[in-house]
There are 2 protein chains.
Amino acid sequence: MTTINNSNHPLTQIEAHRVCEGEQRVYEHRATTLNCTMRFAIYLPQSSMAPVEKKLPVLFYLSGLTCSEQNVIQKAGFQRFADQHQIMVVCPDTSPRGDGVADDERYWLGQGAGFYVNATQAPWSTHYRMYDYITDELPTLIHQYFPTTGQQSITGHSMGGYGALLIGLKNPQNYQSISAFSPIVSPANSEWGQDTLPAYFGHDENDWQAVDPCALVKTSQAHRPILIDQGDADNFLSNNLKTHLFEAAVRDVTSPVSIHLRPGYDHSYYFVQSFIDTHFAFHASYLHS
Amino acid sequence: MTTINNSNHPLTQIEAHRVCEGEQRVYEHRATTLNCTMRFAIYLPQSSMAPVEKKLPVLFYLSGLTCSEQNVIQKAGFQRFADQHQIMVVCPDTSPRGDGVADDERYWLGQGAGFYVNATQAPWSTHYRMYDYITDELPTLIHQYFPTTGQQSITGHSMGGYGALLIGLKNPQNYQSISAFSPIVSPANSEWGQDTLPAYFGHDENDWQAVDPCALVKTSQAHRPILIDQGDADNFLSNNLKTHLFEAAVRDVTSPVSIHLRPGYDHSYYFVQSFIDTHFAFHASYLHS
């Protein structure tokens, strides 16, 4: 188990567990964009660790409301498929954290609910810059301190599925493929977004459209292949997720988009676990091509 | 999703999630042997549910200290392999529970620490009869209310690995195969057992030997095939688990016993998750033969 002992190193390792031949680690670091201390998890397939240190592509997994990096690393069973497909997996936290960071008692606003955007409104704008953190600061750290090929793809669950669509659609040059489990496809049309969008962006609906995957997918010039899985017994489907809006938005889009409605599945990690293998096979086909 | 509505039915369904085509359920029932209300989890591969209701064999998974049925159903990722090998999986709780049930502040004694034995000493003997619950009451319920072939195997983790060895070795007629992750192989030689054995059985060491897998495996007339996996970076290995004692005990045993020491793995569910596929393949080869 490699432990970083250099006190000038920006990453402090706080967990390491061998799993599926590789290692599941959690690091803590000072995030400049968010102005707070953050944790992220990284799964390293065995070949990427010493002594071989083979360069591998990276899949970012963005988690949902109320989650931290812990939920997916404990409950999704992804490590088996990350090992099989030789993909490094980075799982960030869902928002800035800490005593000095603005919060709200509603679970869909504030800590645990960063929505992967840069907030423009006080008090949120001080720390809530998850878009910059995920697209810039965190990948820069990953490529600097771990052996990567530089190739990236992105996925996520629920609010994190929204983040994966948002970030993948806005940055086609940086991600080879995009997937999502049970994503919020249009925050402006979700009950959660009715509170978070005005809080983070104010009341100009143009600003809401600028972070709306259903709008972005229509205007994106060359978006990457997209895979979406959604359970039809998901309690949040009708009031918050609304997969049908994305289906309608991509009707005239020529790039490859696959949307699967899965009968009987709910919103939990039991659902994610059931289809995680197909998402890794999907991303591997683009990351290794 | 099947819900039991008959108020005379002894099982109350409290959770159901579709996962890997089948369904992960949790039930509550009044346990006569334990004299309290208990929960257990059951994974039903799709073929065993309506309308097909194909009869399948059953694997019992016994959990470790401090756990309930929730840890393994959320963290082990076993459902994929239960579906693949067409095995029903029953995950009991680790002890009797409730306000009237004796307890202790040490996590290795009392609630969450039933050790799968029948306690003979007060105050434990009133409720702590997990051996009878696991070997008799619970399987009777399972075979009555779910479509099983009647074939059974048994596995578990840590204290539950101990339970699987104990119960499998004492009842070769009832279990086709036995496996364990990171088991306590000899409670009398573990720090935990130094407290629990006198509490549950008193001070006659003959009573301790009667529930010791290292003793039982030598005297068992025709024990079933045994598979054990143990991480060599497990914090509990040297003071509590002591796999080497079981290796020594089976040196002259002719029945098949496989013990794998896995380099770098710890005691967590990351370890269980990493080798759960091989345990299902092992049990399937005996349950379906």
# chains A, B, ... in the order shown; residues from 1 in each chain; ligands from 1
$ interface_residues --of "chain B" --to "chain A" --cutoff "7 Å" --atoms "only C-alpha atoms" --output "ChimeraX atom specification"
/B:17-20,74-75,77,264-266,270-271,274
$ write_last_selection --atoms "N, CA, C and O atoms" --output "compact mmCIF listing (two decimals), in the first residue's frame"
# COMPACT_ATOMS: atom_id res chain seq x y z
N HIS B 17 -36.48 -4.44 -3.42
CA HIS B 17 -35.79 -3.68 -4.47
C HIS B 17 -35.45 -4.64 -5.60
O HIS B 17 -34.83 -5.68 -5.35
N ARG B 18 -35.78 -4.25 -6.82
CA ARG B 18 -35.32 -5.07 -7.93
C ARG B 18 -33.81 -4.88 -8.08
O ARG B 18 -33.31 -3.75 -8.03
N VAL B 19 -33.10 -5.99 -8.24
CA VAL B 19 -31.64 -5.92 -8.43
C VAL B 19 -31.19 -7.14 -9.23
O VAL B 19 -31.61 -8.27 -8.94
N CYS B 20 -30.40 -6.89 -10.27
CA CYS B 20 -29.87 -7.97 -11.11
C CYS B 20 -30.98 -8.93 -11.55
O CYS B 20 -30.84 -10.15 -11.42
N GLN B 74 -26.20 -4.68 0.93
CA GLN B 74 -25.81 -3.43 0.29
C GLN B 74 -24.38 -3.42 -0.23
O GLN B 74 -24.07 -2.69 -1.17
N LYS B 75 -23.49 -4.20 0.38
CA LYS B 75 -22.06 -4.00 0.10
C LYS B 75 -21.33 -5.16 -0.55
O LYS B 75 -20.20 -4.98 -1.00
N GLY B 77 -22.28 -7.09 -3.20
CA GLY B 77 -22.45 -7.28 -4.65
C GLY B 77 -22.74 -8.72 -5.04
O GLY B 77 -22.43 -9.16 -6.14
N GLY B 264 -2.66 -8.54 0.91
CA GLY B 264 -3.04 -7.12 0.85
C GLY B 264 -4.49 -6.84 1.20
O GLY B 264 -4.85 -5.67 1.36
N TYR B 265 -5.32 -7.86 1.33
CA TYR B 265 -6.75 -7.62 1.61
C TYR B 265 -7.01 -7.48 3.10
O TYR B 265 -6.40 -8.18 3.91
N ASP B 266 -7.95 -6.59 3.46
CA ASP B 266 -8.29 -6.35 4.85
C ASP B 266 -9.59 -7.08 5.24
O ASP B 266 -10.01 -8.01 4.56
N TYR B 270 -14.92 -4.74 1.16
CA TYR B 270 -14.14 -4.67 -0.08
C TYR B 270 -13.49 -6.03 -0.36
O TYR B 270 -13.34 -6.44 -1.50
N PHE B 271 -13.10 -6.72 0.71
CA PHE B 271 -12.54 -8.06 0.57
C PHE B 271 -13.62 -9.07 0.16
O PHE B 271 -13.46 -9.84 -0.79
N SER B 274 -14.59 -8.79 -3.36
CA SER B 274 -13.56 -9.21 -4.33
C SER B 274 -13.60 -10.70 -4.64
O SER B 274 -13.19 -11.12 -5.73
$ residues_around --residues "Val58 of chain B" --least-positions-apart "5" --cutoff "12 Å" --atoms "only C-alpha atoms" --output "CSV table (one decimal) with all heavy atoms, in the first residue's frame"
chain,number,residue,atom,x,y,z
B,42,ILE,N,-33.8,-11.8,2.0
B,42,ILE,CA,-33.8,-12.9,1.0
B,42,ILE,C,-33.6,-12.3,-0.4
B,42,ILE,O,-34.4,-11.3,-0.7
B,42,ILE,CB,-35.0,-13.8,1.2
B,42,ILE,CG1,-34.9,-15.0,0.2
B,42,ILE,CG2,-36.3,-13.0,1.0
B,42,ILE,CD1,-35.9,-16.1,0.5
B,43,TYR,N,-32.7,-12.9,-1.1
B,43,TYR,CA,-32.6,-12.5,-2.6
B,43,TYR,C,-33.2,-13.6,-3.4
B,43,TYR,O,-32.9,-14.8,-3.3
B,43,TYR,CB,-31.2,-12.3,-3.0
B,43,TYR,CG,-31.1,-12.0,-4.5
B,43,TYR,CD1,-31.5,-10.7,-5.0
B,43,TYR,CD2,-30.6,-12.9,-5.4
B,43,TYR,CE1,-31.5,-10.4,-6.3
B,43,TYR,CE2,-30.6,-12.6,-6.8
B,43,TYR,CZ,-31.0,-11.4,-7.2
B,43,TYR,OH,-31.0,-11.1,-8.6
B,44,LEU,N,-34.2,-13.2,-4.2
B,44,LEU,CA,-34.9,-14.1,-5.1
B,44,LEU,C,-34.5,-13.9,-6.5
B,44,LEU,O,-34.9,-12.8,-7.1
B,44,LEU,CB,-36.4,-13.9,-4.9
B,44,LEU,CG,-37.0,-14.2,-3.5
B,44,LEU,CD1,-38.4,-13.6,-3.4
B,44,LEU,CD2,-36.9,-15.6,-3.1
B,45,PRO,N,-33.8,-14.8,-7.1
B,45,PRO,CA,-33.6,-14.7,-8.6
B,45,PRO,C,-34.9,-14.6,-9.3
B,45,PRO,O,-35.9,-15.2,-8.8
B,45,PRO,CB,-32.8,-15.9,-8.9
B,45,PRO,CG,-32.1,-16.3,-7.7
B,45,PRO,CD,-33.1,-16.0,-6.6
B,48,SER,N,-37.4,-17.5,-9.6
B,48,SER,CA,-38.0,-18.1,-8.4
B,48,SER,C,-39.3,-17.3,-8.1
B,48,SER,O,-40.0,-17.7,-7.2
B,48,SER,CB,-37.1,-18.1,-7.2
B,48,SER,OG,-36.8,-16.8,-6.8
B,82,ALA,N,-25.7,-14.5,-7.5
B,82,ALA,CA,-26.9,-15.3,-7.1
B,82,ALA,C,-27.8,-15.5,-8.4
B,82,ALA,O,-28.3,-16.6,-8.6
B,82,ALA,CB,-27.6,-14.7,-6.0
B,85,HIS,N,-25.9,-17.9,-11.0
B,85,HIS,CA,-25.9,-19.3,-10.6
B,85,HIS,C,-27.3,-19.8,-10.1
B,85,HIS,O,-27.3,-21.0,-9.7
B,85,HIS,CB,-24.9,-19.5,-9.5
B,85,HIS,CG,-23.4,-19.3,-9.9
B,85,HIS,ND1,-22.8,-20.1,-10.8
B,85,HIS,CD2,-22.6,-18.3,-9.6
B,85,HIS,CE1,-21.6,-19.7,-11.0
B,85,HIS,NE2,-21.4,-18.6,-10.3
B,86,GLN,N,-28.3,-19.0,-10.1
B,86,GLN,CA,-29.6,-19.4,-9.8
B,86,GLN,C,-29.7,-20.0,-8.4
B,86,GLN,O,-30.0,-21.1,-8.2
B,86,GLN,CB,-30.2,-20.4,-10.8
B,86,GLN,CG,-30.4,-19.8,-12.2
B,86,GLN,CD,-31.6,-18.9,-12.2
B,86,GLN,OE1,-32.7,-19.3,-12.1
B,86,GLN,NE2,-31.4,-17.5,-12.2
B,87,ILE,N,-29.3,-19.1,-7.4
B,87,ILE,CA,-29.3,-19.5,-6.0
B,87,ILE,C,-30.1,-18.5,-5.2
B,87,ILE,O,-29.8,-17.3,-5.4
B,87,ILE,CB,-27.8,-19.6,-5.5
B,87,ILE,CG1,-27.1,-20.7,-6.2
B,87,ILE,CG2,-27.8,-19.8,-4.0
B,87,ILE,CD1,-25.6,-20.8,-5.8
B,88,MET,N,-31.0,-18.9,-4.4
B,88,MET,CA,-31.7,-18.0,-3.5
B,88,MET,C,-30.7,-17.7,-2.3
B,88,MET,O,-30.0,-18.7,-1.9
B,88,MET,CB,-32.9,-18.7,-3.0
B,88,MET,CG,-34.1,-17.9,-2.5
B,88,MET,SD,-35.5,-18.9,-2.1
B,88,MET,CE,-36.2,-19.3,-3.7
B,89,VAL,N,-30.7,-16.5,-1.8
B,89,VAL,CA,-29.7,-16.2,-0.7
B,89,VAL,C,-30.5,-15.6,0.5
B,89,VAL,O,-31.2,-14.6,0.4
B,89,VAL,CB,-28.7,-15.2,-1.2
B,89,VAL,CG1,-27.6,-14.9,-0.1
B,89,VAL,CG2,-28.0,-15.7,-2.4
B,90,VAL,N,-30.3,-16.2,1.7
B,90,VAL,CA,-30.9,-15.8,2.9
B,90,VAL,C,-29.9,-15.2,3.8
B,90,VAL,O,-28.9,-15.9,4.1
B,90,VAL,CB,-31.7,-17.0,3.6
B,90,VAL,CG1,-32.2,-16.5,4.9
B,90,VAL,CG2,-32.8,-17.5,2.7
B,91,CYS,N,-30.1,-14.0,4.3
B,91,CYS,CA,-29.2,-13.3,5.2
B,91,CYS,C,-29.8,-12.9,6.5
B,91,CYS,O,-30.6,-11.9,6.5
B,91,CYS,CB,-28.7,-12.0,4.5
B,91,CYS,SG,-28.0,-12.3,2.8
B,138,LEU,N,-35.5,-20.8,11.0
B,138,LEU,CA,-35.5,-19.9,9.8
B,138,LEU,C,-35.6,-20.8,8.5
B,138,LEU,O,-36.4,-20.5,7.6
B,138,LEU,CB,-34.2,-19.1,9.8
B,138,LEU,CG,-34.1,-18.1,8.6
B,138,LEU,CD1,-35.3,-17.1,8.5
B,138,LEU,CD2,-32.8,-17.3,8.8
B,139,PRO,N,-34.8,-21.9,8.4
B,139,PRO,CA,-34.9,-22.7,7.2
B,139,PRO,C,-36.3,-23.3,7.0
B,139,PRO,O,-36.8,-23.4,5.9
B,139,PRO,CB,-33.9,-23.8,7.3
B,139,PRO,CG,-33.3,-23.6,8.7
B,139,PRO,CD,-33.6,-22.3,9.2
B,140,THR,N,-37.0,-23.6,8.1
B,140,THR,CA,-38.3,-24.2,8.0
B,140,THR,C,-39.3,-23.1,7.4
B,140,THR,O,-40.1,-23.4,6.5
B,140,THR,CB,-38.9,-24.6,9.4
B,140,THR,OG1,-38.0,-25.6,9.9
B,140,THR,CG2,-40.3,-25.1,9.3
B,142,ILE,N,-38.3,-20.6,5.4
B,142,ILE,CA,-37.9,-20.4,4.1
B,142,ILE,C,-38.5,-21.4,3.1
B,142,ILE,O,-39.1,-21.1,2.1
B,142,ILE,CB,-36.4,-20.3,3.9
B,142,ILE,CG1,-35.8,-19.2,4.8
B,142,ILE,CG2,-35.9,-20.2,2.5
B,142,ILE,CD1,-36.2,-17.8,4.4
B,143,HIS,N,-38.3,-22.7,3.5
B,143,HIS,CA,-38.8,-23.8,2.7
B,143,HIS,C,-40.3,-23.8,2.6
B,143,HIS,O,-40.9,-24.2,1.6
B,143,HIS,CB,-38.2,-25.1,3.1
B,143,HIS,CG,-36.7,-25.2,3.1
B,143,HIS,ND1,-36.0,-24.9,1.9
B,143,HIS,CD2,-35.8,-25.4,4.0
B,143,HIS,CE1,-34.7,-25.0,2.2
B,143,HIS,NE2,-34.6,-25.3,3.5
B,146,PHE,N,-41.1,-20.0,0.4
B,146,PHE,CA,-40.5,-19.7,-0.9
B,146,PHE,C,-40.2,-21.0,-1.7
B,146,PHE,O,-40.1,-22.1,-1.0
B,146,PHE,CB,-39.2,-19.0,-0.6
B,146,PHE,CG,-39.4,-17.7,0.1
B,146,PHE,CD1,-39.3,-17.6,1.5
B,146,PHE,CD2,-39.7,-16.5,-0.5
B,146,PHE,CE1,-39.5,-16.4,2.2
B,146,PHE,CE2,-39.9,-15.3,0.1
B,146,PHE,CZ,-39.8,-15.3,1.5
B,147,PRO,N,-40.1,-20.9,-3.0
B,147,PRO,CA,-40.0,-22.1,-3.8
B,147,PRO,C,-38.5,-22.6,-3.8
B,147,PRO,O,-37.7,-22.1,-4.5
B,147,PRO,CB,-40.4,-21.7,-5.2
B,147,PRO,CG,-40.1,-20.2,-5.2
B,147,PRO,CD,-40.3,-19.7,-3.8
B,148,THR,N,-38.2,-23.6,-2.9
B,148,THR,CA,-36.8,-24.1,-2.8
B,148,THR,C,-36.8,-25.5,-3.2
B,148,THR,O,-37.8,-26.2,-3.1
B,148,THR,CB,-36.3,-23.9,-1.4
B,148,THR,OG1,-36.8,-25.0,-0.6
B,148,THR,CG2,-36.6,-22.6,-0.8
B,149,THR,N,-35.6,-26.0,-3.6
B,149,THR,CA,-35.4,-27.4,-3.8
B,149,THR,C,-35.2,-28.2,-2.5
B,149,THR,O,-35.2,-29.4,-2.5
B,149,THR,CB,-34.1,-27.6,-4.7
B,149,THR,OG1,-33.0,-27.1,-4.0
B,149,THR,CG2,-34.3,-26.9,-6.0
B,150,GLY,N,-35.0,-27.4,-1.4
B,150,GLY,CA,-34.6,-28.1,-0.1
B,150,GLY,C,-33.1,-28.2,0.0
B,150,GLY,O,-32.6,-28.4,1.2
B,151,GLN,N,-32.3,-28.0,-1.0
B,151,GLN,CA,-30.9,-28.1,-0.9
B,151,GLN,C,-30.3,-26.8,-0.3
B,151,GLN,O,-30.8,-25.7,-0.6
B,151,GLN,CB,-30.2,-28.2,-2.3
B,151,GLN,CG,-30.6,-29.5,-3.0
B,151,GLN,CD,-29.9,-30.7,-2.5
B,151,GLN,OE1,-30.3,-31.3,-1.5
B,151,GLN,NE2,-28.8,-31.1,-3.1
B,152,GLN,N,-29.4,-26.9,0.6
B,152,GLN,CA,-28.8,-25.8,1.3
B,152,GLN,C,-27.3,-25.8,1.3
B,152,GLN,O,-26.7,-26.9,1.4
B,152,GLN,CB,-29.3,-25.7,2.8
B,152,GLN,CG,-30.8,-25.8,3.0
B,152,GLN,CD,-31.2,-25.6,4.4
B,152,GLN,OE1,-32.2,-25.0,4.7
B,152,GLN,NE2,-30.4,-26.2,5.3
B,153,SER,N,-26.7,-24.6,1.3
B,153,SER,CA,-25.3,-24.4,1.6
B,153,SER,C,-25.2,-23.3,2.6
B,153,SER,O,-26.2,-22.5,2.8
B,153,SER,CB,-24.4,-24.2,0.4
B,153,SER,OG,-24.3,-25.5,-0.3
B,154,ILE,N,-24.0,-23.0,3.1
B,154,ILE,CA,-23.8,-22.0,4.1
B,154,ILE,C,-22.5,-21.3,4.0
B,154,ILE,O,-21.5,-21.9,3.8
B,154,ILE,CB,-24.1,-22.6,5.6
B,154,ILE,CG1,-24.3,-21.4,6.6
B,154,ILE,CG2,-23.0,-23.6,6.0
B,154,ILE,CD1,-25.0,-21.9,7.9
B,155,THR,N,-22.5,-20.0,4.2
B,155,THR,CA,-21.3,-19.1,4.2
B,155,THR,C,-21.4,-18.0,5.2
B,155,THR,O,-22.5,-17.9,5.8
B,155,THR,CB,-21.0,-18.6,2.8
B,155,THR,OG1,-19.8,-17.9,2.7
B,155,THR,CG2,-22.1,-17.6,2.3
B,174,ASN,N,-27.4,-31.4,6.2
B,174,ASN,CA,-28.3,-30.3,5.8
B,174,ASN,C,-27.6,-29.3,4.9
B,174,ASN,O,-28.3,-28.4,4.4
B,174,ASN,CB,-28.8,-29.6,7.1
B,174,ASN,CG,-29.7,-30.4,7.9
B,174,ASN,OD1,-30.3,-31.4,7.4
B,174,ASN,ND2,-29.9,-30.0,9.2
B,175,TYR,N,-26.3,-29.4,4.7
B,175,TYR,CA,-25.6,-28.4,3.9
B,175,TYR,C,-24.7,-29.0,2.9
B,175,TYR,O,-23.9,-29.9,3.3
B,175,TYR,CB,-24.9,-27.4,4.8
B,175,TYR,CG,-25.8,-26.7,5.8
B,175,TYR,CD1,-25.9,-27.2,7.1
B,175,TYR,CD2,-26.5,-25.5,5.4
B,175,TYR,CE1,-26.8,-26.6,8.0
B,175,TYR,CE2,-27.3,-24.9,6.4
B,175,TYR,CZ,-27.5,-25.5,7.6
B,175,TYR,OH,-28.4,-24.9,8.5
B,176,GLN,N,-24.8,-28.7,1.7
B,176,GLN,CA,-24.0,-29.3,0.6
B,176,GLN,C,-22.6,-28.9,0.6
B,176,GLN,O,-21.7,-29.6,0.2
B,176,GLN,CB,-24.6,-29.0,-0.8
B,176,GLN,CG,-26.0,-29.5,-0.9
B,176,GLN,CD,-26.2,-31.0,-0.7
B,176,GLN,OE1,-25.4,-31.8,-1.3
B,176,GLN,NE2,-27.1,-31.4,0.2
B,177,SER,N,-22.3,-27.6,1.1
B,177,SER,CA,-21.0,-27.1,1.0
B,177,SER,C,-20.9,-25.9,2.0
B,177,SER,O,-22.0,-25.4,2.4
B,177,SER,CB,-20.7,-26.6,-0.4
B,177,SER,OG,-21.8,-25.8,-0.9
B,280,PHE,N,-19.7,-18.1,-4.8
B,280,PHE,CA,-20.9,-18.6,-5.5
B,280,PHE,C,-20.7,-19.7,-6.5
B,280,PHE,O,-21.4,-20.7,-6.5
B,280,PHE,CB,-21.7,-17.4,-6.1
B,280,PHE,CG,-22.6,-16.7,-5.2
B,280,PHE,CD1,-22.1,-15.8,-4.2
B,280,PHE,CD2,-24.0,-17.1,-5.2
B,280,PHE,CE1,-23.0,-15.3,-3.3
B,280,PHE,CE2,-24.8,-16.5,-4.2
B,280,PHE,CZ,-24.4,-15.6,-3.3
B,283,HIS,N,-20.2,-22.9,-4.3
B,283,HIS,CA,-21.5,-23.5,-3.8
B,283,HIS,C,-22.4,-24.0,-4.9
B,283,HIS,O,-23.0,-25.0,-4.8
B,283,HIS,CB,-22.2,-22.4,-2.9
B,283,HIS,CG,-21.5,-22.1,-1.6
B,283,HIS,ND1,-21.4,-23.1,-0.6
B,283,HIS,CD2,-20.9,-21.0,-1.2
B,283,HIS,CE1,-20.7,-22.5,0.4
B,283,HIS,NE2,-20.4,-21.3,0.1
B,284,ALA,N,-22.4,-23.3,-6.0
B,284,ALA,CA,-23.2,-23.7,-7.2
B,284,ALA,C,-22.8,-25.1,-7.6
B,284,ALA,O,-23.7,-25.9,-8.0
B,284,ALA,CB,-23.1,-22.7,-8.3
B,286,TYR,N,-22.0,-27.6,-6.0
B,286,TYR,CA,-22.5,-28.6,-5.1
B,286,TYR,C,-24.0,-28.5,-5.0
B,286,TYR,O,-24.7,-29.6,-4.9
B,286,TYR,CB,-21.9,-28.6,-3.7
B,286,TYR,CG,-20.4,-28.8,-3.7
B,286,TYR,CD1,-19.5,-27.7,-3.7
B,286,TYR,CD2,-19.9,-30.1,-3.9
B,286,TYR,CE1,-18.2,-28.0,-3.8
B,286,TYR,CE2,-18.6,-30.3,-4.0
B,286,TYR,CZ,-17.7,-29.3,-3.9
B,286,TYR,OH,-16.3,-29.5,-4.0
B,287,LEU,N,-24.6,-27.3,-5.1
B,287,LEU,CA,-26.0,-27.2,-5.0
B,287,LEU,C,-26.8,-27.6,-6.2
B,287,LEU,O,-28.0,-28.0,-6.2
B,287,LEU,CB,-26.4,-25.7,-4.7
B,287,LEU,CG,-26.1,-25.2,-3.2
B,287,LEU,CD1,-26.1,-23.7,-3.1
B,287,LEU,CD2,-27.0,-25.9,-2.2
B,288,HIS,N,-26.1,-27.6,-7.4
B,288,HIS,CA,-26.8,-27.9,-8.6
B,288,HIS,C,-26.3,-29.3,-9.2
B,288,HIS,O,-26.7,-29.7,-10.2
B,288,HIS,CB,-26.5,-26.8,-9.7
B,288,HIS,CG,-27.2,-25.5,-9.4
B,288,HIS,ND1,-28.6,-25.4,-9.3
B,288,HIS,CD2,-26.7,-24.3,-9.2
B,288,HIS,CE1,-28.9,-24.2,-9.1
B,288,HIS,NE2,-27.8,-23.4,-9.0
$ select_by_dssp --residues "segment 36-273 of chain A" --states "helix (DSSP H, G or I)" --output "VMD selection string"
chain A and resid 46 to 48 69 to 75 79 to 85 124 to 126 130 to 145 159 to 170 187 to 189 191 to 201 205 to 209 213 to 219 237 to 241 243 to 249 269 to 273
$ residues_around --residues "Ala164 of chain A" --least-positions-apart "3" --cutoff "7 Å" --atoms "only C-alpha atoms" --output "PyMOL selection string"
chain A and resi 62+154-156+160-161+167-168+178-180
$ select_by_dssp --residues "segment 30-226 of chain B" --states "strand (DSSP E)" --output "number ranges by chain"
B: 30-31, 36-44, 56-62, 88-92, 148-156, 178-181, 226
$ residues_around --residues "Gly64 of chain A" --least-positions-apart "6" --cutoff "9 Å" --atoms "only C-alpha atoms" --output "compact mmCIF listing (two decimals) with N, CA and C atoms, in the first residue's frame"
# COMPACT_ATOMS: atom_id res chain seq x y z
N THR A 94 -20.06 15.68 -3.36
CA THR A 94 -21.17 16.30 -4.09
C THR A 94 -21.29 17.81 -3.90
N GLY A 112 -24.00 18.79 0.12
CA GLY A 112 -24.55 17.55 -0.42
C GLY A 112 -25.36 17.76 -1.68
N ALA A 113 -25.48 19.02 -2.12
CA ALA A 113 -26.36 19.34 -3.26
C ALA A 113 -25.74 20.43 -4.14
N PHE A 115 -24.88 20.31 -7.25
CA PHE A 115 -25.41 20.28 -8.62
C PHE A 115 -24.34 20.47 -9.70
N GLY A 156 -22.62 9.31 -13.73
CA GLY A 156 -23.11 9.72 -12.43
C GLY A 156 -24.52 9.23 -12.19
N HIS A 157 -25.01 9.48 -10.96
CA HIS A 157 -26.31 8.98 -10.53
C HIS A 157 -27.17 10.13 -10.03
N SER A 158 -28.38 10.26 -10.56
CA SER A 158 -29.36 11.24 -10.07
C SER A 158 -28.83 12.66 -10.28
N MET A 159 -28.64 13.47 -9.24
CA MET A 159 -28.01 14.78 -9.44
C MET A 159 -26.66 14.63 -10.13
N GLY A 160 -25.95 13.53 -9.86
CA GLY A 160 -24.66 13.27 -10.50
C GLY A 160 -24.82 12.85 -11.96
N GLY A 161 -25.94 12.22 -12.28
CA GLY A 161 -26.25 11.93 -13.68
C GLY A 161 -26.49 13.23 -14.44
N TYR A 162 -27.17 14.15 -13.77
CA TYR A 162 -27.32 15.50 -14.32
C TYR A 162 -25.95 16.14 -14.55
N PRO A 183 -30.77 10.14 -14.19
CA PRO A 183 -30.38 11.56 -14.10
C PRO A 183 -31.58 12.51 -14.02
$ atom_distance --atom1 "atom CA of Asp252 of chain B" --atom2 "atom CA of Val217 of chain B"
10.2 Å
$ residues_around --residues "Ala122 of chain A" --least-positions-apart "5" --cutoff "10 Å" --atoms "only C-alpha atoms" --output "PyMOL selection string"
chain A and resi 102+127-128+199-202
$ write_last_selection --atoms "N, CA and C atoms" --output "PDB file, in the first residue's frame"
ATOM      1  N   ALA A 102     -21.964  27.778   3.195  1.00  0.00           N
ATOM      2  CA  ALA A 102     -23.421  27.983   3.269  1.00  0.00           C
ATOM      3  C   ALA A 102     -24.156  26.651   3.157  1.00  0.00           C
ATOM      4  N   HIS A 127     -18.446  29.519  -2.271  1.00  0.00           N
ATOM      5  CA  HIS A 127     -17.845  28.173  -2.288  1.00  0.00           C
ATOM      6  C   HIS A 127     -18.384  27.277  -3.407  1.00  0.00           C
ATOM      7  N   TYR A 128     -19.600  27.502  -3.830  1.00  0.00           N
ATOM      8  CA  TYR A 128     -20.270  26.536  -4.720  1.00  0.00           C
ATOM      9  C   TYR A 128     -19.835  26.728  -6.168  1.00  0.00           C
ATOM     10  N   ALA A 199     -31.801  29.865  -6.255  1.00  0.00           N
ATOM     11  CA  ALA A 199     -30.810  30.102  -5.193  1.00  0.00           C
ATOM     12  C   ALA A 199     -29.411  30.264  -5.788  1.00  0.00           C
ATOM     13  N   TYR A 200     -29.046  29.379  -6.671  1.00  0.00           N
ATOM     14  CA  TYR A 200     -27.669  29.399  -7.197  1.00  0.00           C
ATOM     15  C   TYR A 200     -27.486  30.421  -8.328  1.00  0.00           C
ATOM     16  N   PHE A 201     -28.562  30.706  -9.124  1.00  0.00           N
ATOM     17  CA  PHE A 201     -28.409  31.530 -10.333  1.00  0.00           C
ATOM     18  C   PHE A 201     -29.273  32.787 -10.372  1.00  0.00           C
ATOM     19  N   GLY A 202     -30.222  32.925  -9.451  1.00  0.00           N
ATOM     20  CA  GLY A 202     -31.165  34.033  -9.556  1.00  0.00           C
ATOM     21  C   GLY A 202     -32.331  33.668 -10.471  1.00  0.00           C
TER      22      GLY A 202
END
$ atom_distance --atom1 "atom CA of Pro213 of chain B" --atom2 "atom CA of Gln121 of chain B"
21.3 Å
$ residues_around --residues "Leu227 of chain B" --least-positions-apart "2" --cutoff "9 Å" --atoms "only C-alpha atoms" --output "list of chain:residue names"
B:Ser177, B:Ile178, B:Ser179, B:Ala180, B:Phe181, B:Pro225, B:Asp229, B:Pro256, B:Val257, B:Ser258, B:Ile259, B:His260, B:His279, B:Phe282
$ closest_residue --among "B:Gly110, B:Tyr61, B:Ala188, B:Thr66" --to "Leu165 of chain B" --atoms "only C-alpha atoms"
B:Tyr61
$ residues_around --residues "Arg30 of chain A" --least-positions-apart "6" --cutoff "10 Å" --atoms "only C-alpha atoms" --output "list in words"
Pro10, Leu11, Thr12, Cys36, Thr37, Met38 and Arg39 of chain A
